[in-house]
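Since the structure comes first, as structure tokens, the remarks are kept for the end.
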Amino acid sequence: HTHTHTHTHTHIHTQCKDYCSRFLLFTRNSNGSRVHVRCKKKDGKDNQDHGDQLDFFADYVICTVPIGVLKSRKIHFAPPIREEQQRAIDRMGSGAHNKVILRFAKKDIFWPKEVPNFNCLDPCIQWLNMHAYGKEGVLVAHVWPPYAYNFKGQGNDDKVVEKVMETLQTMFRKMDSKSRLPCPVDQIVTRWDTDPFSLGSYSFLGVESQQFDPLLLSWPHPHEDPRCFFAGEATSLVGQQCVYGAVESGRRAVKELICMVKNVEFDRVKESFQPEPELTEHDLLDVAFTKAHEM
């Protein structure tokens with residue numbers, strides 16, 4: 001794609017080990033700014049005429065990658081994001097909270113069916129009884145640090161399940177019996193802290209963090225002509241670590257984008273502390289028609 005009067009280029013390069021590379025090209029010319037997204041695939045499959053790449057064009061990008069990915073600097077900004085914003089990212093922590101989901105046959109349910117939660121002596125594990133919420137025979141082990149960090153090197157999911165099953169065994173065994181608990185028929189082990197597309201479960205304010213670092217993280221990029229807006233729970237002052245924070249920040253980012261398109265002032269600080277009601281379909285259609293009229 002060629003622009004005859006290109007003045008400014010901004011490249012964003014993402015490299016995830018053993019996965020794919022992605023390039024985002026921001027261009028500004030006499031007709032305005034544009035975002036060119038190029039997705040690279042190693043195997044080259046499903047790309048048809050483009051070989052090993054796919055190209056997309058848009059006016060703006062809303063970046064919602066987790067804080068762990070931003071901290072890893074696997075996304076390279078050129079020109080770099082502002083120094084204050086990068087320092088906020090570096091100060092913020094990326095926590096690990098994994099889950100081990102076990103499903104037992106109905107006949108093998110051995111725990112109190114109506115009790116929603118129960119704890120054990122292992123401080124790294126808490127139990128959620130999904131059977132009490134209608135998921136027949138399902139137990140979820142919430143796994144906290146330090147064991148949550150890569151399960152202390154246990155790369156085999158069966159080993160992790162064996163560990164949590166030992167915890168259950170100590171909780172529900174009969175004192176006068178050496179009988180073993182039934183084995184689960186299904187299992188899922190999450191590894192959010194090592195997944196290259198998350199590198200953590202949630203953000204948290206580290207020892208050196210400042211109270212308003214999430215606000216700094218939400219600054220659009222580039223500063224002179226914003227095309228990339230940041231959202232995600234790490235950018236939320238009212239819902240950090242929560243789904244609510246992720247949703248709220250997404251609405252905030254879209255609203256800021258809409259205000260910029262309409263040339264309306266946007267108070268990011270106020271919106272961060274007092275989120276407005278969700279955007280309506282009319283708001284989004286209005287922006288779409290505005291952009292179509294400009295083209």
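All residue names refer to the structure tokens as shown: chains lettered A, B, ... in order, residues numbered from 1 in each chain, ligands numbered from 1 in order.
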Gly200 in chain A surroundings by only C-alpha atoms, 10 Å radius, close-in-sequence under 6 positions cut, as a PDB file with N, CA and C atoms, in the first residue's frame:
ATOM      1  N   PRO A  66      -2.560  -7.776  27.963  1.00  0.00           N
ATOM      2  CA  PRO A  66      -2.351  -7.781  29.412  1.00  0.00           C
ATOM      3  C   PRO A  66      -1.065  -7.079  29.821  1.00  0.00           C
ATOM      4  N   ILE A  67      -1.014  -6.673  31.081  1.00  0.00           N
ATOM      5  CA  ILE A  67       0.145  -5.948  31.598  1.00  0.00           C
ATOM      6  C   ILE A  67       1.414  -6.790  31.485  1.00  0.00           C
ATOM      7  N   GLY A  68       1.306  -8.108  31.627  1.00  0.00           N
ATOM      8  CA  GLY A  68       2.485  -8.961  31.528  1.00  0.00           C
ATOM      9  C   GLY A  68       3.144  -8.865  30.165  1.00  0.00           C
ATOM     10  N   VAL A  69       2.340  -8.751  29.106  1.00  0.00           N
ATOM     11  CA  VAL A  69       2.885  -8.629  27.757  1.00  0.00           C
ATOM     12  C   VAL A  69       3.549  -7.269  27.571  1.00  0.00           C
ATOM     13  N   GLY A  93       2.961  -4.602  38.721  1.00  0.00           N
ATOM     14  CA  GLY A  93       3.212  -6.027  38.804  1.00  0.00           C
ATOM     15  C   GLY A  93       2.248  -6.830  37.947  1.00  0.00           C
ATOM     16  N   SER A  94       2.649  -8.050  37.634  1.00  0.00           N
ATOM     17  CA  SER A  94       1.792  -8.985  36.903  1.00  0.00           C
ATOM     18  C   SER A  94       1.666 -10.246  37.745  1.00  0.00           C
ATOM     19  N   GLY A  95       0.500 -10.461  38.315  1.00  0.00           N
ATOM     20  CA  GLY A  95       0.299 -11.551  39.258  1.00  0.00           C
ATOM     21  C   GLY A  95      -0.051 -12.869  38.598  1.00  0.00           C
ATOM     22  N   ALA A  96       0.097 -13.928  39.358  1.00  0.00           N
ATOM     23  CA  ALA A  96      -0.232 -15.275  38.882  1.00  0.00           C
ATOM     24  C   ALA A  96      -1.358 -15.854  39.739  1.00  0.00           C
ATOM     25  N   HIS A  97      -2.432 -16.230  39.091  1.00  0.00           N
ATOM     26  CA  HIS A  97      -3.550 -16.909  39.750  1.00  0.00           C
ATOM     27  C   HIS A  97      -4.067 -17.941  38.754  1.00  0.00           C
ATOM     28  N   ASN A  98      -3.661 -19.169  38.943  1.00  0.00           N
ATOM     29  CA  ASN A  98      -4.071 -20.225  38.031  1.00  0.00           C
ATOM     30  C   ASN A  98      -5.191 -21.064  38.623  1.00  0.00           C
ATOM     31  N   TYR A 149       3.098 -19.740  40.301  1.00  0.00           N
ATOM     32  CA  TYR A 149       4.104 -19.354  39.327  1.00  0.00           C
ATOM     33  C   TYR A 149       4.704 -20.602  38.672  1.00  0.00           C
ATOM     34  N   ARG A 191      -2.367 -21.940  32.703  1.00  0.00           N
ATOM     35  CA  ARG A 191      -0.982 -21.501  32.908  1.00  0.00           C
ATOM     36  C   ARG A 191      -0.844 -20.066  32.386  1.00  0.00           C
ATOM     37  N   TRP A 192      -1.620 -19.175  32.989  1.00  0.00           N
ATOM     38  CA  TRP A 192      -1.678 -17.792  32.509  1.00  0.00           C
ATOM     39  C   TRP A 192      -0.320 -17.088  32.617  1.00  0.00           C
ATOM     40  N   ASP A 193       0.476 -17.434  33.605  1.00  0.00           N
ATOM     41  CA  ASP A 193       1.734 -16.712  33.810  1.00  0.00           C
ATOM     42  C   ASP A 193       2.789 -17.058  32.772  1.00  0.00           C
ATOM     43  N   THR A 194       2.642 -18.190  32.084  1.00  0.00           N
ATOM     44  CA  THR A 194       3.609 -18.565  31.056  1.00  0.00           C
ATOM     45  C   THR A 194       3.019 -18.521  29.648  1.00  0.00           C
TER      46      THR A 194
END
* Tell me, as a ChimeraX atom specification, which residues lie within 10 Å of Thr64 in chain A, counting only C-alpha atoms; anything in the same chain fewer than 6 positions away does not count. => /A:70,229-235,246,249-250,253
Quick one: write out the picked residues with N, CA, C and O atoms as a JSON list (two decimals), in the first residue's frame?
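For reference, again-v6.json as written:
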[["chain", "number", "residue", "atom", "x", "y", "z"],
["A", 70, "LEU", "N", 2.91, -6.21, 28.10],
["A", 70, "LEU", "CA", 3.52, -4.89, 28.01],
["A", 70, "LEU", "C", 4.83, -4.84, 28.78],
["A", 70, "LEU", "O", 5.82, -4.25, 28.33],
["A", 229, "PHE", "N", -5.28, 3.44, 21.51],
["A", 229, "PHE", "CA", -5.84, 3.69, 22.83],
["A", 229, "PHE", "C", -5.71, 2.43, 23.67],
["A", 229, "PHE", "O", -5.90, 1.32, 23.18],
["A", 230, "PHE", "N", -5.39, 2.61, 24.94],
["A", 230, "PHE", "CA", -5.13, 1.48, 25.82],
["A", 230, "PHE", "C", -6.32, 1.20, 26.74],
["A", 230, "PHE", "O", -6.91, 2.12, 27.31],
["A", 231, "ALA", "N", -6.65, -0.07, 26.87],
["A", 231, "ALA", "CA", -7.72, -0.51, 27.77],
["A", 231, "ALA", "C", -7.30, -1.83, 28.40],
["A", 231, "ALA", "O", -6.28, -2.40, 28.06],
["A", 232, "GLY", "N", -8.11, -2.32, 29.32],
["A", 232, "GLY", "CA", -7.79, -3.53, 30.07],
["A", 232, "GLY", "C", -7.78, -3.23, 31.55],
["A", 232, "GLY", "O", -7.65, -2.07, 31.97],
["A", 233, "GLU", "N", -7.93, -4.26, 32.37],
["A", 233, "GLU", "CA", -8.07, -4.04, 33.81],
["A", 233, "GLU", "C", -6.89, -3.28, 34.41],
["A", 233, "GLU", "O", -7.04, -2.56, 35.38],
["A", 234, "ALA", "N", -5.70, -3.41, 33.80],
["A", 234, "ALA", "CA", -4.52, -2.73, 34.33],
["A", 234, "ALA", "C", -4.62, -1.22, 34.19],
["A", 234, "ALA", "O", -3.91, -0.48, 34.88],
["A", 235, "THR", "N", -5.50, -0.73, 33.30],
["A", 235, "THR", "CA", -5.66, 0.70, 33.09],
["A", 235, "THR", "C", -6.83, 1.27, 33.88],
["A", 235, "THR", "O", -7.16, 2.45, 33.73],
["A", 246, "ALA", "N", -11.98, -4.31, 33.31],
["A", 246, "ALA", "CA", -11.71, -4.53, 31.90],
["A", 246, "ALA", "C", -12.81, -3.92, 31.04],
["A", 246, "ALA", "O", -12.55, -3.22, 30.05],
["A", 249, "SER", "N", -12.85, 0.01, 31.34],
["A", 249, "SER", "CA", -11.75, 0.65, 30.62],
["A", 249, "SER", "C", -11.98, 0.60, 29.11],
["A", 249, "SER", "O", -11.60, 1.52, 28.38],
["A", 250, "GLY", "N", -12.59, -0.48, 28.64],
["A", 250, "GLY", "CA", -12.91, -0.56, 27.21],
["A", 250, "GLY", "C", -13.90, 0.50, 26.80],
["A", 250, "GLY", "O", -13.77, 1.14, 25.74],
["A", 253, "ALA", "N", -12.07, 3.85, 26.70],
["A", 253, "ALA", "CA", -11.23, 4.00, 25.52],
["A", 253, "ALA", "C", -12.07, 4.33, 24.28],
["A", 253, "ALA", "O", -11.70, 5.19, 23.47]]
* Where in range 127-257 of chain A does DSSP assign helix (DSSP H, G or I), given as a ChimeraX atom specification? -> /A:130-133,150-153,157-172,213-217,233-235,243-257
* To do: Find, counting only C-alpha atoms, the residue in A:Asp267, A:Ser218, A:Asp157, A:Phe110 that gets nearest to Arg173 in chain A.
  => A:Phe110
* To do: Can you check which residues of range 96-192 of chain A DSSP gives as strand (DSSP E) on the backbone and send them as a list in words?
  => Asn98, Lys99, Val100, Ile101, Leu102, Arg103, Asn117, Phe118, Asn119, Ile125, Gln126, Trp127, Leu128, Asn129, Val138, Leu139, Val140, Ala141, His142, Val143, Asp186, Gln187, Ile188 and Val189 of chain A
For N, CA, C and O atoms, I'd like the residues from the last selection saved as a tab-separated table (two decimals), in the first residue's frame.
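Below you can see out05.tsv, which holds the result:
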chain	number	residue	atom	x	y	z
A	98	ASN	N	-3.66	-19.17	38.94
A	98	ASN	CA	-4.07	-20.22	38.03
A	98	ASN	C	-5.19	-21.06	38.62
A	98	ASN	O	-5.51	-20.95	39.81
A	99	LYS	N	-5.77	-21.90	37.78
A	99	LYS	CA	-6.87	-22.75	38.22
A	99	LYS	C	-6.66	-24.18	37.72
A	99	LYS	O	-6.15	-24.39	36.61
A	100	VAL	N	-7.07	-25.09	38.55
A	100	VAL	CA	-7.11	-26.50	38.16
A	100	VAL	C	-8.57	-26.93	38.26
A	100	VAL	O	-9.15	-26.93	39.35
A	101	ILE	N	-9.15	-27.25	37.13
A	101	ILE	CA	-10.58	-27.58	37.06
A	101	ILE	C	-10.71	-29.10	36.93
A	101	ILE	O	-10.15	-29.70	36.01
A	102	LEU	N	-11.45	-29.69	37.85
A	102	LEU	CA	-11.63	-31.14	37.88
A	102	LEU	C	-13.11	-31.49	37.75
A	102	LEU	O	-13.95	-30.88	38.41
A	103	ARG	N	-13.41	-32.46	36.91
A	103	ARG	CA	-14.78	-32.94	36.81
A	103	ARG	C	-14.82	-34.42	37.17
A	103	ARG	O	-14.07	-35.23	36.62
A	117	ASN	N	-17.88	-23.03	48.90
A	117	ASN	CA	-16.43	-22.85	49.00
A	117	ASN	C	-15.90	-23.59	50.21
A	117	ASN	O	-16.58	-23.71	51.23
A	118	PHE	N	-14.67	-24.08	50.09
A	118	PHE	CA	-14.01	-24.63	51.27
A	118	PHE	C	-12.50	-24.48	51.14
A	118	PHE	O	-11.95	-24.45	50.03
A	119	ASN	N	-11.87	-24.33	52.27
A	119	ASN	CA	-10.42	-24.10	52.32
A	119	ASN	C	-9.71	-25.33	52.86
A	119	ASN	O	-10.34	-26.28	53.37
A	125	ILE	N	-3.90	-23.01	47.92
A	125	ILE	CA	-5.05	-23.59	47.25
A	125	ILE	C	-6.34	-23.26	47.99
A	125	ILE	O	-6.41	-23.41	49.21
A	126	GLN	N	-7.33	-22.79	47.26
A	126	GLN	CA	-8.69	-22.61	47.76
A	126	GLN	C	-9.65	-23.29	46.79
A	126	GLN	O	-9.40	-23.30	45.58
A	127	TRP	N	-10.74	-23.81	47.31
A	127	TRP	CA	-11.63	-24.62	46.48
A	127	TRP	C	-12.97	-23.93	46.25
A	127	TRP	O	-13.57	-23.37	47.16
A	128	LEU	N	-13.41	-24.01	45.00
A	128	LEU	CA	-14.73	-23.52	44.61
A	128	LEU	C	-15.54	-24.72	44.13
A	128	LEU	O	-15.12	-25.44	43.22
A	129	ASN	N	-16.68	-24.93	44.75
A	129	ASN	CA	-17.54	-26.07	44.42
A	129	ASN	C	-18.55	-25.65	43.36
A	129	ASN	O	-19.61	-25.09	43.65
A	138	VAL	N	-18.16	-30.78	39.36
A	138	VAL	CA	-16.99	-29.95	39.05
A	138	VAL	C	-16.46	-29.25	40.30
A	138	VAL	O	-17.21	-28.60	41.03
A	139	LEU	N	-15.17	-29.38	40.52
A	139	LEU	CA	-14.44	-28.65	41.55
A	139	LEU	C	-13.36	-27.80	40.87
A	139	LEU	O	-12.73	-28.24	39.92
A	140	VAL	N	-13.17	-26.59	41.39
A	140	VAL	CA	-12.13	-25.71	40.86
A	140	VAL	C	-11.17	-25.37	41.99
A	140	VAL	O	-11.57	-24.86	43.04
A	141	ALA	N	-9.90	-25.65	41.75
A	141	ALA	CA	-8.86	-25.27	42.71
A	141	ALA	C	-8.27	-23.94	42.27
A	141	ALA	O	-7.68	-23.84	41.19
A	142	HIS	N	-8.48	-22.90	43.09
A	142	HIS	CA	-7.81	-21.63	42.86
A	142	HIS	C	-6.39	-21.76	43.40
A	142	HIS	O	-6.19	-22.02	44.58
A	143	VAL	N	-5.42	-21.55	42.52
A	143	VAL	CA	-4.02	-21.75	42.90
A	143	VAL	C	-3.33	-20.40	42.99
A	143	VAL	O	-3.29	-19.63	42.01
A	186	ASP	N	-12.26	-35.60	33.85
A	186	ASP	CA	-11.76	-34.52	33.00
A	186	ASP	C	-10.94	-33.56	33.85
A	186	ASP	O	-11.18	-33.43	35.06
A	187	GLN	N	-10.02	-32.85	33.21
A	187	GLN	CA	-9.20	-31.89	33.93
A	187	GLN	C	-8.73	-30.78	33.00
A	187	GLN	O	-8.51	-31.01	31.80
A	188	ILE	N	-8.63	-29.57	33.53
A	188	ILE	CA	-8.07	-28.42	32.81
A	188	ILE	C	-7.13	-27.70	33.75
A	188	ILE	O	-7.49	-27.39	34.89
A	189	VAL	N	-5.92	-27.42	33.28
A	189	VAL	CA	-4.93	-26.69	34.07
A	189	VAL	C	-4.57	-25.41	33.32
A	189	VAL	O	-4.09	-25.47	32.18
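If you look at CA of Ser203 in chain A and CA of Gln241 in chain A, they are 5.9 Å away from each other.
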* Measuring atom to atom with only C-alpha atoms, identify which of A:Lys262, A:His221, A:Lys255, A:Lys159 is nearest to Phe77 in chain A. =>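 Among A:Lys262, A:His221, A:Lys255, A:Lys159, it is A:His221 that comes nearest to Phe77 in chain A.
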* Of the residues A:Leu181, A:Gln154, A:Asp225, A:Arg82, which is the one nearest to Thr167 in chain A, using only C-alpha atoms? ->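 Distance minimum relative to Thr167 in chain A lands on A:Leu181.
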* Asked: What is the distance between CA of Ser236 in chain A and CA of Met92 in chain A, in Å to one decimal?
  ->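 These two atoms are separated by 12.6 Å.
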